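Report on the structure given below.
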Amino acid sequence: DRARASAGPLALGTTTYVGGLIVGLSMGLIVMLLGCYYFLADGRSMIASLTLLTPLDSKHVEKLLAEFGNLTRAVVLSMFLAALAQGLLAGIGYLFVGLDSIFLLTLLTMLFAMLPLVGETAVWGGAALWLYFIDDRPGAAIGLAIYCAVVVSLADNLIKPLVLQERSNMHPLPA
């Protein structure tokens, strides 16, 4: 009876939080889609307007814009390649510890690897917790966690600087 009494406010709080999260994400998605549309539709005229407002000579502005474009493409490519590598490496770990749904976990790891801070750790960490608490396989859980913390997480720190240095002539330290 006490569990029911405390479950009601907890469910309401969770529903409110999830509802607010969904509204916030939806609004962010709408703003992003509108921004992308207008940048794609009117990007050239926006750049031309900004070029007129800068005190630099137009040839310098064009060179800066070209460099910015190269750097942006390099950052996006490095992010995708690192996420792909991290997902595949984590998939190998999932295979060795005998998890089910390896393809789904690998795909989720690739997707989450593109998120800053938590990234792929949310997926392989959840998988390790599942192995430890639900499957009652602490050895596999600890092995997966160590492998992913060392190999998978550090792959990001190797791939991104290499791609950025190659594509944009950027030194690996700031990359």
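Here, A, B, ... name the chains of the structure tokens in the order displayed, residue numbers run from 1 inside each chain, and ligands are numbered from 1 in the same displayed order.
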DSSP-assigned alpha helix (DSSP H) among range 92-174 of chain A, expressed as a ChimeraX atom specification: /A:92-97,102-112,121-129,138-147,153-168
Length of the CA of Gly143 in chain A to CA of Ala90 in chain A vector [Å]: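 Distance reported for this atom pair: 12.1 Å.
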Skipping near chain neighbours, those fewer than 5 positions away, what residues fall within 12 Å of Asp135 in chain A using only C-alpha atoms, listed as a compact mmCIF listing (two decimals) with N, CA, C and O atoms, in the first residue's frame?
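This is the output file result_33.txt:
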# COMPACT_ATOMS: atom_id res chain seq x y z
N VAL A 97 31.69 -11.13 -25.21
CA VAL A 97 31.05 -11.40 -23.92
C VAL A 97 29.72 -12.13 -24.09
O VAL A 97 29.08 -12.49 -23.10
N GLY A 98 29.28 -12.33 -25.32
CA GLY A 98 28.09 -13.14 -25.58
C GLY A 98 26.77 -12.42 -25.38
O GLY A 98 25.79 -13.04 -25.00
N LEU A 99 26.74 -11.14 -25.66
CA LEU A 99 25.48 -10.40 -25.55
C LEU A 99 24.58 -10.70 -26.74
O LEU A 99 25.07 -11.00 -27.84
N ASP A 100 23.29 -10.62 -26.52
CA ASP A 100 22.34 -10.74 -27.61
C ASP A 100 22.19 -9.39 -28.29
O ASP A 100 22.59 -8.36 -27.74
N ALA A 127 25.36 -1.92 -21.11
CA ALA A 127 25.54 -3.35 -21.40
C ALA A 127 26.34 -4.04 -20.29
O ALA A 127 26.01 -5.16 -19.87
N ALA A 128 27.36 -3.36 -19.78
CA ALA A 128 28.15 -3.93 -18.68
C ALA A 128 27.31 -4.06 -17.42
O ALA A 128 27.39 -5.06 -16.69
N LEU A 129 26.49 -3.04 -17.15
CA LEU A 129 25.60 -3.12 -15.98
C LEU A 129 24.59 -4.25 -16.14
O LEU A 129 24.26 -4.95 -15.17
N TRP A 130 24.08 -4.45 -17.34
CA TRP A 130 23.16 -5.54 -17.61
C TRP A 130 23.83 -6.88 -17.32
O TRP A 130 23.25 -7.76 -16.67
N ALA A 140 32.37 -11.09 -17.13
CA ALA A 140 32.11 -10.55 -18.47
C ALA A 140 31.84 -9.05 -18.41
O ALA A 140 32.30 -8.29 -19.27
N ALA A 141 31.12 -8.62 -17.37
CA ALA A 141 30.81 -7.19 -17.22
C ALA A 141 32.07 -6.38 -17.01
O ALA A 141 32.27 -5.34 -17.65
Contact residues around Leu77 in chain A with only C-alpha atoms at 12 Å, ignoring same-chain residues under 2 positions, as a tab-separated table (two decimals) with all heavy atoms, in the first residue's frame:
chain	number	residue	atom	x	y	z
A	70	ASN	N	36.47	23.90	-45.18
A	70	ASN	CA	37.34	22.72	-45.10
A	70	ASN	C	37.40	22.17	-43.68
A	70	ASN	O	37.34	20.96	-43.47
A	70	ASN	CB	38.75	23.07	-45.58
A	70	ASN	CG	38.82	23.27	-47.07
A	70	ASN	OD1	37.97	22.78	-47.82
A	70	ASN	ND2	39.82	24.01	-47.52
A	71	LEU	N	37.53	23.06	-42.71
A	71	LEU	CA	37.60	22.63	-41.33
A	71	LEU	C	36.29	21.99	-40.87
A	71	LEU	O	36.29	20.96	-40.19
A	71	LEU	CB	37.96	23.82	-40.41
A	71	LEU	CG	38.15	23.49	-38.95
A	71	LEU	CD1	39.30	22.51	-38.75
A	71	LEU	CD2	38.41	24.76	-38.16
A	72	THR	N	35.18	22.56	-41.28
A	72	THR	CA	33.88	22.01	-40.91
A	72	THR	C	33.69	20.62	-41.50
A	72	THR	O	33.25	19.69	-40.80
A	72	THR	CB	32.74	22.93	-41.39
A	72	THR	OG1	32.94	24.23	-40.82
A	72	THR	CG2	31.39	22.41	-41.00
A	73	ARG	N	34.05	20.45	-42.76
A	73	ARG	CA	33.94	19.12	-43.39
A	73	ARG	C	34.86	18.11	-42.69
A	73	ARG	O	34.49	16.96	-42.47
A	73	ARG	CB	34.26	19.20	-44.88
A	73	ARG	CG	33.11	19.75	-45.70
A	73	ARG	CD	33.39	19.68	-47.19
A	73	ARG	NE	34.37	20.66	-47.65
A	73	ARG	CZ	34.10	21.95	-47.85
A	73	ARG	NH1	32.89	22.41	-47.64
A	73	ARG	NH2	35.04	22.76	-48.27
A	74	ALA	N	36.06	18.55	-42.32
A	74	ALA	CA	37.00	17.67	-41.63
A	74	ALA	C	36.47	17.25	-40.26
A	74	ALA	O	36.60	16.09	-39.86
A	74	ALA	CB	38.36	18.35	-41.49
A	75	VAL	N	35.87	18.19	-39.54
A	75	VAL	CA	35.32	17.87	-38.21
A	75	VAL	C	34.17	16.87	-38.33
A	75	VAL	O	34.10	15.89	-37.58
A	75	VAL	CB	34.87	19.16	-37.49
A	75	VAL	CG1	34.03	18.84	-36.27
A	75	VAL	CG2	36.07	19.99	-37.09
A	79	MET	N	34.22	13.02	-36.97
A	79	MET	CA	33.21	12.58	-36.03
A	79	MET	C	32.54	11.28	-36.51
A	79	MET	O	32.37	10.33	-35.75
A	79	MET	CB	32.16	13.68	-35.85
A	79	MET	CG	31.09	13.36	-34.83
A	79	MET	SD	29.89	14.67	-34.64
A	79	MET	CE	29.05	14.62	-36.21
A	80	PHE	N	32.18	11.22	-37.78
A	80	PHE	CA	31.54	10.03	-38.33
A	80	PHE	C	32.48	8.82	-38.34
A	80	PHE	O	32.09	7.71	-37.99
A	80	PHE	CB	30.98	10.28	-39.72
A	80	PHE	CG	29.70	11.05	-39.73
A	80	PHE	CD1	29.57	12.19	-40.49
A	80	PHE	CD2	28.62	10.65	-38.97
A	80	PHE	CE1	28.39	12.92	-40.50
A	80	PHE	CE2	27.43	11.36	-38.96
A	80	PHE	CZ	27.32	12.50	-39.74
A	81	LEU	N	33.74	9.05	-38.74
A	81	LEU	CA	34.70	7.94	-38.78
A	81	LEU	C	35.00	7.42	-37.38
A	81	LEU	O	35.10	6.20	-37.18
A	81	LEU	CB	35.98	8.37	-39.49
A	81	LEU	CG	35.86	8.58	-40.99
A	81	LEU	CD1	37.19	9.08	-41.57
A	81	LEU	CD2	35.43	7.30	-41.69
A	82	ALA	N	35.14	8.31	-36.41
A	82	ALA	CA	35.39	7.89	-35.04
A	82	ALA	C	34.19	7.11	-34.49
A	82	ALA	O	34.36	6.09	-33.82
A	82	ALA	CB	35.70	9.09	-34.16
A	83	ALA	N	32.98	7.58	-34.77
A	83	ALA	CA	31.79	6.88	-34.29
A	83	ALA	C	31.68	5.50	-34.93
A	83	ALA	O	31.32	4.52	-34.27
A	83	ALA	CB	30.54	7.71	-34.60
A	84	LEU	N	31.99	5.40	-36.21
A	84	LEU	CA	31.97	4.11	-36.90
A	84	LEU	C	32.97	3.16	-36.27
A	84	LEU	O	32.64	2.00	-35.97
A	84	LEU	CB	32.28	4.31	-38.39
A	84	LEU	CG	32.34	3.06	-39.25
A	84	LEU	CD1	30.95	2.47	-39.42
A	84	LEU	CD2	32.95	3.39	-40.60
A	114	MET	N	28.45	9.88	-31.30
A	114	MET	CA	28.46	11.24	-31.85
A	114	MET	C	28.02	12.28	-30.83
A	114	MET	O	28.12	13.47	-31.09
A	114	MET	CB	27.59	11.31	-33.10
A	114	MET	CG	28.18	10.54	-34.25
A	114	MET	SD	27.26	10.76	-35.77
A	114	MET	CE	26.37	9.22	-35.83
A	159	ILE	N	41.51	8.70	-33.70
A	159	ILE	CA	40.97	8.87	-35.05
A	159	ILE	C	40.70	10.34	-35.37
A	159	ILE	O	41.10	10.82	-36.43
A	159	ILE	CB	39.70	8.01	-35.23
A	159	ILE	CG1	40.09	6.53	-35.18
A	159	ILE	CG2	39.00	8.34	-36.53
A	159	ILE	CD1	38.95	5.59	-35.13
A	160	LYS	N	40.03	11.05	-34.47
A	160	LYS	CA	39.68	12.44	-34.76
A	160	LYS	C	40.90	13.31	-35.05
A	160	LYS	O	40.92	14.02	-36.06
A	160	LYS	CB	38.85	13.03	-33.63
A	160	LYS	CG	37.39	12.61	-33.68
A	160	LYS	CD	36.59	13.28	-32.60
A	160	LYS	CE	35.15	12.82	-32.63
A	160	LYS	NZ	34.35	13.38	-31.55
A	161	PRO	N	41.95	13.29	-34.22
A	161	PRO	CA	43.11	14.12	-34.54
A	161	PRO	C	43.79	13.74	-35.85
A	161	PRO	O	44.24	14.61	-36.59
A	161	PRO	CB	44.05	13.91	-33.35
A	161	PRO	CG	43.19	13.47	-32.24
A	161	PRO	CD	42.07	12.70	-32.88
A	162	LEU	N	43.85	12.43	-36.15
A	162	LEU	CA	44.47	12.02	-37.40
A	162	LEU	C	43.70	12.54	-38.61
A	162	LEU	O	44.30	13.05	-39.56
A	162	LEU	CB	44.59	10.50	-37.46
A	162	LEU	CG	45.62	9.87	-36.53
A	162	LEU	CD1	45.52	8.35	-36.57
A	162	LEU	CD2	47.01	10.33	-36.89
A	163	VAL	N	42.39	12.40	-38.58
A	163	VAL	CA	41.57	12.86	-39.71
A	163	VAL	C	41.64	14.38	-39.81
A	163	VAL	O	41.79	14.93	-40.91
A	163	VAL	CB	40.12	12.37	-39.56
A	163	VAL	CG1	39.22	13.00	-40.62
A	163	VAL	CG2	40.05	10.87	-39.65
A	164	LEU	N	41.55	15.08	-38.68
A	164	LEU	CA	41.60	16.54	-38.71
A	164	LEU	C	42.95	17.04	-39.21
A	164	LEU	O	43.02	18.01	-39.96
A	164	LEU	CB	41.30	17.12	-37.33
A	164	LEU	CG	39.84	17.07	-36.92
A	164	LEU	CD1	39.68	17.52	-35.48
A	164	LEU	CD2	38.99	17.94	-37.82
A	165	GLN	N	44.03	16.39	-38.80
A	165	GLN	CA	45.35	16.82	-39.24
A	165	GLN	C	45.51	16.59	-40.75
A	165	GLN	O	46.04	17.44	-41.46
A	165	GLN	CB	46.43	16.06	-38.49
A	165	GLN	CG	47.84	16.50	-38.87
A	165	GLN	CD	48.90	15.70	-38.15
A	165	GLN	OE1	48.63	14.63	-37.60
A	165	GLN	NE2	50.11	16.21	-38.15
A	166	GLU	N	45.01	15.46	-41.22
A	166	GLU	CA	45.14	15.15	-42.64
A	166	GLU	C	44.27	16.05	-43.51
A	166	GLU	O	44.69	16.52	-44.55
A	166	GLU	CB	44.76	13.69	-42.88
A	166	GLU	CG	44.89	13.28	-44.33
A	166	GLU	CD	44.43	11.84	-44.54
A	166	GLU	OE1	44.76	10.99	-43.70
A	166	GLU	OE2	43.75	11.59	-45.55
A	167	ARG	N	43.04	16.30	-43.08
A	167	ARG	CA	42.07	17.04	-43.89
A	167	ARG	C	42.19	18.55	-43.78
A	167	ARG	O	41.82	19.26	-44.70
A	167	ARG	CB	40.65	16.65	-43.49
A	167	ARG	CG	40.27	15.26	-43.88
A	167	ARG	CD	40.10	15.21	-45.35
A	167	ARG	NE	39.57	13.94	-45.77
A	167	ARG	CZ	38.86	13.80	-46.86
A	167	ARG	NH1	38.57	14.82	-47.60
A	167	ARG	NH2	38.44	12.61	-47.20
A	168	SER	N	42.65	19.05	-42.63
A	168	SER	CA	42.62	20.50	-42.46
A	168	SER	C	43.97	21.09	-42.08
A	168	SER	O	44.05	22.26	-41.74
A	168	SER	CB	41.60	20.87	-41.38
A	168	SER	OG	42.02	20.36	-40.13
Separation of CA of Ala85 in chain A from CA of Val152 in chain A, in Å and rounded to one decimal: 8.1 Å
Surrounding residues of Val123 in chain A excluding itself and chain neighbours under 3 positions, 7 Å, only C-alpha atoms, as a PyMOL selection string: chain A and resi 108-109+120+126-127
For Thr121 in chain A: contacts at 9 Å, only C-alpha atoms, fewer than 6 positions along chain excluded, given as a list in words: Thr109, Phe112, Ala113, Cys148, Ala149 and Ser153 of chain A
Could you write those residues out with all heavy atoms, as a PDB file, in the first residue's frame?
ATOM      1  N   THR A 109      25.731   2.160 -30.321  1.00  0.00           N
ATOM      2  CA  THR A 109      27.034   2.687 -29.920  1.00  0.00           C
ATOM      3  C   THR A 109      27.541   3.691 -30.948  1.00  0.00           C
ATOM      4  O   THR A 109      28.074   4.737 -30.588  1.00  0.00           O
ATOM      5  CB  THR A 109      28.048   1.539 -29.732  1.00  0.00           C
ATOM      6  OG1 THR A 109      27.520   0.605 -28.794  1.00  0.00           O
ATOM      7  CG2 THR A 109      29.374   2.066 -29.223  1.00  0.00           C
ATOM      8  N   PHE A 112      25.367   6.907 -30.501  1.00  0.00           N
ATOM      9  CA  PHE A 112      25.657   7.609 -29.259  1.00  0.00           C
ATOM     10  C   PHE A 112      27.080   8.159 -29.231  1.00  0.00           C
ATOM     11  O   PHE A 112      27.361   9.108 -28.506  1.00  0.00           O
ATOM     12  CB  PHE A 112      25.417   6.694 -28.053  1.00  0.00           C
ATOM     13  CG  PHE A 112      24.001   6.714 -27.563  1.00  0.00           C
ATOM     14  CD1 PHE A 112      22.981   6.145 -28.305  1.00  0.00           C
ATOM     15  CD2 PHE A 112      23.686   7.306 -26.362  1.00  0.00           C
ATOM     16  CE1 PHE A 112      21.685   6.163 -27.871  1.00  0.00           C
ATOM     17  CE2 PHE A 112      22.377   7.332 -25.907  1.00  0.00           C
ATOM     18  CZ  PHE A 112      21.369   6.761 -26.659  1.00  0.00           C
ATOM     19  N   ALA A 113      27.987   7.563 -30.003  1.00  0.00           N
ATOM     20  CA  ALA A 113      29.373   8.033 -30.039  1.00  0.00           C
ATOM     21  C   ALA A 113      29.472   9.448 -30.599  1.00  0.00           C
ATOM     22  O   ALA A 113      30.460  10.143 -30.370  1.00  0.00           O
ATOM     23  CB  ALA A 113      30.240   7.086 -30.865  1.00  0.00           C
ATOM     24  N   CYS A 148      36.141  -1.660 -23.213  1.00  0.00           N
ATOM     25  CA  CYS A 148      35.514  -0.495 -23.829  1.00  0.00           C
ATOM     26  C   CYS A 148      36.126   0.810 -23.318  1.00  0.00           C
ATOM     27  O   CYS A 148      36.297   1.755 -24.089  1.00  0.00           O
ATOM     28  CB  CYS A 148      34.010  -0.505 -23.593  1.00  0.00           C
ATOM     29  SG  CYS A 148      33.155  -1.758 -24.585  1.00  0.00           S
ATOM     30  N   ALA A 149      36.471   0.866 -22.023  1.00  0.00           N
ATOM     31  CA  ALA A 149      37.078   2.082 -21.485  1.00  0.00           C
ATOM     32  C   ALA A 149      38.450   2.340 -22.100  1.00  0.00           C
ATOM     33  O   ALA A 149      38.816   3.482 -22.372  1.00  0.00           O
ATOM     34  CB  ALA A 149      37.189   1.990 -19.966  1.00  0.00           C
ATOM     35  N   SER A 153      36.834   3.810 -26.056  1.00  0.00           N
ATOM     36  CA  SER A 153      36.818   5.237 -25.726  1.00  0.00           C
ATOM     37  C   SER A 153      38.059   5.964 -26.224  1.00  0.00           C
ATOM     38  O   SER A 153      37.984   7.124 -26.621  1.00  0.00           O
ATOM     39  CB  SER A 153      36.676   5.429 -24.217  1.00  0.00           C
ATOM     40  OG  SER A 153      35.409   4.971 -23.798  1.00  0.00           O
TER      41      SER A 153
END
d(CA of Cys36 in chain A, CA of Gly24 in chain A) in Å: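 It comes out at 18.2 Å.
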